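run29.pdb follows; it contains PDB, C-alpha atoms.
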MODEL        1
ATOM      1  CA  MET A1464      21.865  -8.665  12.031
ATOM      2  CA  ARG A1465      25.172  -7.914  13.736
ATOM      3  CA  TRP A1466      26.367  -4.285  13.609
ATOM      4  CA  ARG A1467      29.938  -4.096  12.305
ATOM      5  CA  SER A1468      30.656  -0.383  12.808
ATOM      6  CA  LEU A1469      29.579   2.161  10.241
ATOM      7  CA  ASN A1470      32.658   1.817   8.057
ATOM      8  CA  GLY A1471      32.449  -1.947   8.315
ATOM      9  CA  GLU A1472      28.846  -1.816   7.150
ATOM     10  CA  ARG A1473      29.869   0.414   4.240
ATOM     11  CA  ARG A1474      32.552  -2.075   3.224
ATOM     12  CA  THR A1475      29.970  -4.859   3.318
ATOM     13  CA  VAL A1476      27.677  -2.826   1.052
ATOM     14  CA  THR A1477      30.499  -2.082  -1.394
ATOM     15  CA  GLY A1478      31.591  -5.715  -1.506
ATOM     16  CA  ALA A1479      28.064  -7.006  -2.041
ATOM     17  CA  ILE A1480      27.450  -4.493  -4.833
ATOM     18  CA  ARG A1481      30.686  -5.512  -6.531
ATOM     19  CA  LEU A1482      29.727  -9.190  -6.386
ATOM     20  CA  GLY A1483      26.242  -8.333  -7.614
ATOM     21  CA  ASP A1484      27.608  -6.377 -10.560
ATOM     22  CA  ASP A1485      29.922  -9.264 -11.450
ATOM     23  CA  ALA A1486      26.920 -11.615 -11.457
ATOM     24  CA  ILE A1487      24.942  -9.169 -13.618
ATOM     25  CA  ALA A1488      27.802  -9.085 -16.125
ATOM     26  CA  ARG A1489      27.518 -12.885 -16.383
ATOM     27  CA  GLY A1490      23.721 -12.812 -16.667
ATOM     28  CA  GLN A1491      23.298 -14.636 -13.342
ATOM     29  CA  TRP A1492      20.231 -12.757 -12.207
ATOM     30  CA  ALA A1493      19.296 -14.872  -9.189
ATOM     31  CA  LEU A1494      22.848 -14.699  -7.825
ATOM     32  CA  ALA A1495      22.982 -10.959  -8.446
ATOM     33  CA  LEU A1496      19.688 -10.600  -6.607
ATOM     34  CA  ARG A1497      21.096 -12.370  -3.563
ATOM     35  CA  HIS A1498      24.146 -10.117  -3.478
ATOM     36  CA  TYR A1499      22.069  -6.981  -3.963
ATOM     37  CA  GLY A1500      19.651  -8.152  -1.296
ATOM     38  CA  LYS A1501      22.565  -8.313   1.120
ATOM     39  CA  ALA A1502      23.764  -4.887  -0.027
ATOM     40  CA  ASN A1503      20.257  -3.545   0.579
ATOM     41  CA  ARG A1504      20.009  -4.853   4.124
ATOM     42  CA  HIS A1505      23.290  -3.253   5.121
ATOM     43  CA  ALA A1506      22.760  -0.054   3.099
ATOM     44  CA  VAL A1507      19.496   0.549   4.962
ATOM     45  CA  ARG A1508      21.370   0.312   8.258
ATOM     46  CA  VAL A1509      24.063   2.718   7.069
ATOM     47  CA  ALA A1510      21.513   5.199   5.727
ATOM     48  CA  GLN A1511      19.589   5.080   8.996
ATOM     49  CA  ALA A1512      22.731   6.165  10.830
ATOM     50  CA  GLY A1513      22.197   9.508   9.109
ATOM     51  CA  GLU A1514      25.833  10.540   8.702
ATOM     52  CA  GLY A1515      25.747  11.724   5.100
ATOM     53  CA  ASP A1516      23.785  12.131   1.902
ATOM     54  CA  GLN A1517      26.201   9.877   0.037
ATOM     55  CA  ASP A1518      25.007   6.901   2.076
ATOM     56  CA  GLN A1519      21.456   7.766   1.023
ATOM     57  CA  ALA A1520      22.562   7.942  -2.618
ATOM     58  CA  VAL A1521      24.129   4.482  -2.360
ATOM     59  CA  LEU A1522      20.879   3.116  -0.924
ATOM     60  CA  GLY A1523      18.970   4.696  -3.807
ATOM     61  CA  SER A1524      21.271   3.021  -6.331
ATOM     62  CA  VAL A1525      20.788  -0.344  -4.632
ATOM     63  CA  TYR A1526      17.004  -0.030  -4.834
ATOM     64  CA  TYR A1527      17.293   1.098  -8.463
ATOM     65  CA  ASN A1528      19.339  -1.959  -9.455
ATOM     66  CA  LEU A1529      17.109  -4.252  -7.425
ATOM     67  CA  ALA A1530      14.163  -3.035  -9.497
ATOM     68  CA  GLU A1531      15.914  -4.119 -12.686
ATOM     69  CA  LEU A1532      16.892  -7.470 -11.194
ATOM     70  CA  ARG A1533      13.306  -8.101 -10.094
ATOM     71  CA  VAL A1534      12.250  -7.451 -13.687
ATOM     72  CA  LYS A1535      14.809 -10.001 -14.870
ATOM     73  CA  THR A1536      13.492 -12.598 -12.428
ATOM     74  CA  GLY A1537       9.859 -11.902 -13.347
ATOM     75  CA  GLU A1538       8.804 -10.389 -10.006
ATOM     76  CA  VAL A1539       6.610  -7.570 -11.278
ATOM     77  CA  SER A1540       5.231  -6.290  -7.981
ATOM     78  CA  MET A1541       8.614  -6.408  -6.236
ATOM     79  CA  ALA A1542      10.225  -4.599  -9.176
ATOM     80  CA  TRP A1543       7.628  -1.841  -8.828
ATOM     81  CA  LEU A1544       8.169  -1.626  -5.076
ATOM     82  CA  CYS A1545      11.946  -1.337  -5.467
ATOM     83  CA  ALA A1546      11.465   1.371  -8.097
ATOM     84  CA  LEU A1547       9.175   3.216  -5.689
ATOM     85  CA  GLN A1548      11.768   2.951  -2.918
ATOM     86  CA  ALA A1549      14.479   4.272  -5.233
ATOM     87  CA  CYS A1550      12.280   7.276  -6.008
ATOM     88  CA  GLN A1551      11.606   7.885  -2.332
ATOM     89  CA  VAL A1552      15.327   7.941  -1.531
ATOM     90  CA  TYR A1553      16.382   9.997  -4.546
ATOM     91  CA  GLY A1554      13.448  12.342  -3.995
ATOM     92  CA  ARG A1555      14.843  13.307  -0.600
ATOM     93  CA  LEU A1556      18.167  14.192  -2.234
ATOM     94  CA  ASP A1557      16.787  16.111  -5.224
ATOM     95  CA  PRO A1558      16.962  19.847  -4.374
ATOM     96  CA  THR A1559      14.283  20.643  -6.974
ATOM     97  CA  ASN A1560      11.758  18.200  -5.504
ATOM     98  CA  ALA A1561      11.216  16.840  -9.042
ATOM     99  CA  ARG A1562      10.170  20.251 -10.380
ATOM    100  CA  PRO A1563      11.586  20.909 -13.862
ATOM    101  CA  THR A1564      10.973  24.638 -13.455
ATOM    102  CA  ALA A1565      13.415  24.716 -10.523
ATOM    103  CA  VAL A1566      16.355  23.158 -12.386
ATOM    104  CA  TYR A1567      17.787  26.373 -13.800
ATOM    105  CA  SER A1568      17.630  28.263 -10.507
ATOM    106  CA  CYS A1569      19.140  25.355  -8.623
ATOM    107  CA  LEU A1570      22.115  25.154 -10.975
ATOM    108  CA  THR A1571      22.741  28.883 -11.247
ATOM    109  CA  ASP A1572      21.851  30.069  -7.747
ATOM    110  CA  PRO A1573      22.058  27.143  -5.301
ATOM    111  CA  SER A1574      21.815  29.552  -2.362
ATOM    112  CA  GLN A1575      18.041  29.468  -2.923
ATOM    113  CA  PHE A1576      17.951  25.773  -2.084
ATOM    114  CA  THR A1577      19.041  23.425   0.658
ATOM    115  CA  SER A1578      21.399  22.065  -1.914
ATOM    116  CA  PRO A1579      24.911  20.749  -2.478
ATOM    117  CA  SER A1580      27.257  22.258  -5.044
ATOM    118  CA  PRO A1581      25.816  22.592  -8.571
ATOM    119  CA  PRO A1582      27.654  19.507  -9.987
ATOM    120  CA  LEU A1583      26.351  17.272  -7.192
ATOM    121  CA  ALA A1584      22.904  18.872  -7.315
ATOM    122  CA  ARG A1585      22.791  18.248 -11.057
ATOM    123  CA  GLU A1586      23.595  14.572 -10.541
ATOM    124  CA  ARG A1587      20.921  14.182  -7.880
ATOM    125  CA  ILE A1588      18.305  15.916 -10.019
ATOM    126  CA  ALA A1589      19.115  13.533 -12.871
ATOM    127  CA  LEU A1590      19.096  10.430 -10.662
ATOM    128  CA  ASN A1591      15.641  11.293  -9.381
ATOM    129  CA  ALA A1592      14.281  11.969 -12.871
ATOM    130  CA  ASP A1593      15.744   8.696 -14.133
ATOM    131  CA  ALA A1594      14.314   6.713 -11.219
ATOM    132  CA  ARG A1595      10.914   8.328 -11.680
ATOM    133  CA  SER A1596      10.815   7.424 -15.377
ATOM    134  CA  ARG A1597      11.647   3.812 -14.448
ATOM    135  CA  TYR A1598       8.834   3.912 -11.898
ATOM    136  CA  VAL A1599       6.405   5.072 -14.596
ATOM    137  CA  LEU A1600       7.301   2.148 -16.846
ATOM    138  CA  LEU A1601       7.036  -0.389 -14.034
ATOM    139  CA  SER A1602       3.730   1.104 -12.906
ATOM    140  CA  ALA A1603       2.338   0.420 -16.365
ATOM    141  CA  GLY A1604       3.612  -3.153 -16.137
ATOM    142  CA  LEU A1605       2.059  -3.593 -12.710
ATOM    143  CA  VAL A1606      -1.320  -2.408 -13.978
ATOM    144  CA  ARG A1607      -1.084  -4.697 -16.997
ATOM    145  CA  GLU A1608      -0.385  -7.631 -14.688
ATOM    146  CA  PHE A1609      -2.856  -6.927 -11.880
ATOM    147  CA  GLY A1610      -5.460  -4.539 -13.262
ATOM    148  CA  SER A1611      -6.344  -0.871 -13.070
ATOM    149  CA  GLN A1612      -6.529  -0.820  -9.257
ATOM    150  CA  ALA A1613      -2.972  -2.113  -8.782
ATOM    151  CA  LEU A1614      -1.480   1.238  -7.754
ATOM    152  CA  ARG A1615      -4.140   1.664  -5.082
ATOM    153  CA  VAL A1616      -2.698  -1.186  -3.025
ATOM    154  CA  ASP A1617      -1.015   0.344   0.016
ATOM    155  CA  ILE A1618       2.451  -1.172  -0.096
ATOM    156  CA  GLY A1619       5.701   0.653   0.413
ATOM    157  CA  GLY A1620       3.909   3.709   1.772
ATOM    158  CA  GLY A1621       1.553   4.022  -1.171
ATOM    159  CA  ALA A1622       1.957   5.129  -4.787
ATOM    160  CA  LEU A1623       4.527   7.789  -5.658
ATOM    161  CA  ASP A1624       3.209  11.331  -5.116
ATOM    162  CA  GLY A1625      -0.080   9.720  -4.092
ATOM    163  CA  ILE A1626      -1.025   9.195  -7.759
ATOM    164  CA  THR A1627      -2.922   5.926  -8.198
ATOM    165  CA  ASP A1628      -4.262   6.350 -11.751
ATOM    166  CA  VAL A1629      -1.697   4.966 -14.175
ATOM    167  CA  ARG A1630      -2.479   7.483 -16.930
ATOM    168  CA  GLU A1631      -1.932  10.297 -14.469
ATOM    169  CA  VAL A1632       1.338   8.649 -13.463
ATOM    170  CA  VAL A1633       2.459   8.809 -17.096
ATOM    171  CA  GLU A1634       1.253  12.351 -17.660
ATOM    172  CA  ARG A1635       2.481  13.916 -14.442
ATOM    173  CA  ILE A1636       5.461  11.881 -13.274
ATOM    174  CA  GLY A1637       6.686  10.663 -16.662
ATOM    175  CA  GLU A1638       6.391  13.917 -18.545
ATOM    176  CA  SER A1639       7.954  15.785 -15.633
ATOM    177  CA  ALA A1640      10.979  13.458 -15.784
ATOM    178  CA  VAL A1641      11.354  14.152 -19.512
ATOM    179  CA  ARG A1642      11.145  17.902 -18.953
ATOM    180  CA  THR A1643      13.720  17.686 -16.163
ATOM    181  CA  TYR A1644      16.235  16.118 -18.524
ATOM    182  CA  GLN A1645      15.402  18.698 -21.161
ATOM    183  CA  GLU A1646      16.194  21.420 -18.631
ATOM    184  CA  LEU A1647      19.429  19.704 -17.639
ATOM    185  CA  VAL A1648      20.486  19.500 -21.285
ATOM    186  CA  ARG A1649      19.535  23.115 -21.884
ATOM    187  CA  HIS A1650      21.557  24.453 -18.984
ATOM    188  CA  ASN A1651      24.685  22.268 -18.857
ATOM    189  CA  THR A1652      26.845  20.009 -21.012
ATOM    190  CA  VAL A1653      26.976  16.870 -18.883
ATOM    191  CA  TYR A1654      23.656  15.418 -20.022
ATOM    192  CA  THR A1655      22.680  15.034 -23.659
ATOM    193  CA  GLU A1656      19.699  14.412 -25.903
ATOM    194  CA  ALA A1657      20.402  10.702 -25.442
ATOM    195  CA  ASP A1658      19.259  11.071 -21.830
ATOM    196  CA  VAL A1659      16.099  12.838 -22.951
ATOM    197  CA  THR A1660      15.473  10.124 -25.541
ATOM    198  CA  ARG A1661      15.963   7.293 -23.032
ATOM    199  CA  THR A1662      13.527   8.891 -20.629
ATOM    200  CA  ARG A1663      11.011   9.650 -23.368
ATOM    201  CA  GLU A1664      11.202   6.050 -24.611
ATOM    202  CA  ARG A1665      10.284   4.746 -21.156
ATOM    203  CA  VAL A1666       7.270   7.037 -21.007
ATOM    204  CA  THR A1667       6.234   6.086 -24.549
ATOM    205  CA  LYS A1668       6.565   2.394 -23.737
ATOM    206  CA  ALA A1669       4.452   2.884 -20.617
ATOM    207  CA  CYS A1670       1.760   4.485 -22.800
ATOM    208  CA  SER A1671       1.844   1.571 -25.223
ATOM    209  CA  ILE A1672       1.478  -0.915 -22.377
ATOM    210  CA  ILE A1673      -1.591   0.732 -20.883
ATOM    211  CA  ASP A1674      -3.158   1.291 -24.324
ATOM    212  CA  ALA A1675      -2.660  -2.329 -25.427
TER     213      ALA A1675
ENDMDL
END
This entry written out as structure tokens:
Amino acid sequence: MRWRSLNGERRTVTGAIRLGDDAIARGQWALALRHYGKANRHAVRVAQAGEGDQDQAVLGSVYYNLAELRVKTGEVSMAWLCALQACQVYGRLDPTNARPTAVYSCLTDPSQFTSPSPPLARERIALNADARSRYVLLSAGLVREFGSQALRVDIGGGALDGITDVREVVERIGESAVRTYQELVRHNTVYTEADVTRTRERVTKACSIIDA
């Protein structure tokens, strides 16, 4: 793949995302997947240049949307892998390291953390929690499709947080994501109970899938 300069690569990513979003709006999932695949290839290159956290955040958003598109096109294992990759990227940006108990301190005393300003930290905490709740739901779907050992397959660097039992995924990763949003709601006005509800619904749906 030809290198176009860092800003050129960023423009390619932005353009591909825009085209992908336009295709999503029209329900053209396969076309959207092609555009987002292009965005992903170039976003990886930009992120590897290591010039800023924002480039990492863009890569995380590309993986996140790819997970949804893989669901739409019926690619269960690829959807799970993209969700895992989104979590890996967002996890590196989350100053709390996905710990709900650290949310309050991070927002009120960011000097304790290797952290951006509280508004940006808050966004990154939420993005990670959201991605992790999506991962929980897709993990349940993967296990339904391929059996109880599905998360033990070593792809994408292994299961998130090294947890390969799907019930433990729900209990530890899913419930932690819910509690993170509860903490965000408790300590600021940007996020609402709707965010808690959305996250809780994903975890509840994951439970229903593995109990079916």
>> Just to confirm, what's the straight-line distance from CA of Tyr1598 in chain A to CA of Cys1545 in chain A in Å (one decimal)?
In response: 8.9 Å
> Can you tell me, as number ranges by chain, what residues are no more than 7 Å from range 1492-1497 of chain A when counting all atoms listed in the file, ignoring any on the same chain fewer than 3 positions away?
Replying inline: A: 1483-1484, 1486-1487, 1500-1501, 1529, 1532, 1535-1536
>> Going by the chain IDs and residue numbers used in this file, which residues fall under the PyMOL selection byres ((chain A and resi 1540) around 12)? Write them as number ranges by chain.
In response: A: 1530-1531, 1533-1534, 1536-1539, 1541-1547, 1598, 1601-1609, 1613-1614, 1616, 1618-1619
Just need the box for range 1546-1554 of chain A, edges along x, y and z, holding every atom the file lists for it with 3 Å tacked onto each side, so centre and edge lengths in Å to one decimal, as lines of an AutoDock Vina configuration file.
center_x = 12.8
center_y = 6.9
center_z = -4.8
size_x = 13.2
size_y = 17.0
size_z = 12.6
> From the set A:Asp1674, A:Gln1551, A:Leu1522, A:Glu1472, which residue has the shortest atom-to-atom contact distance to Gly1625 in chain A, counting all atoms listed in the file?
Replying inline: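 Ranking A:Asp1674, A:Gln1551, A:Leu1522, A:Glu1472 by distance to Gly1625 in chain A, first place goes to A:Gln1551.
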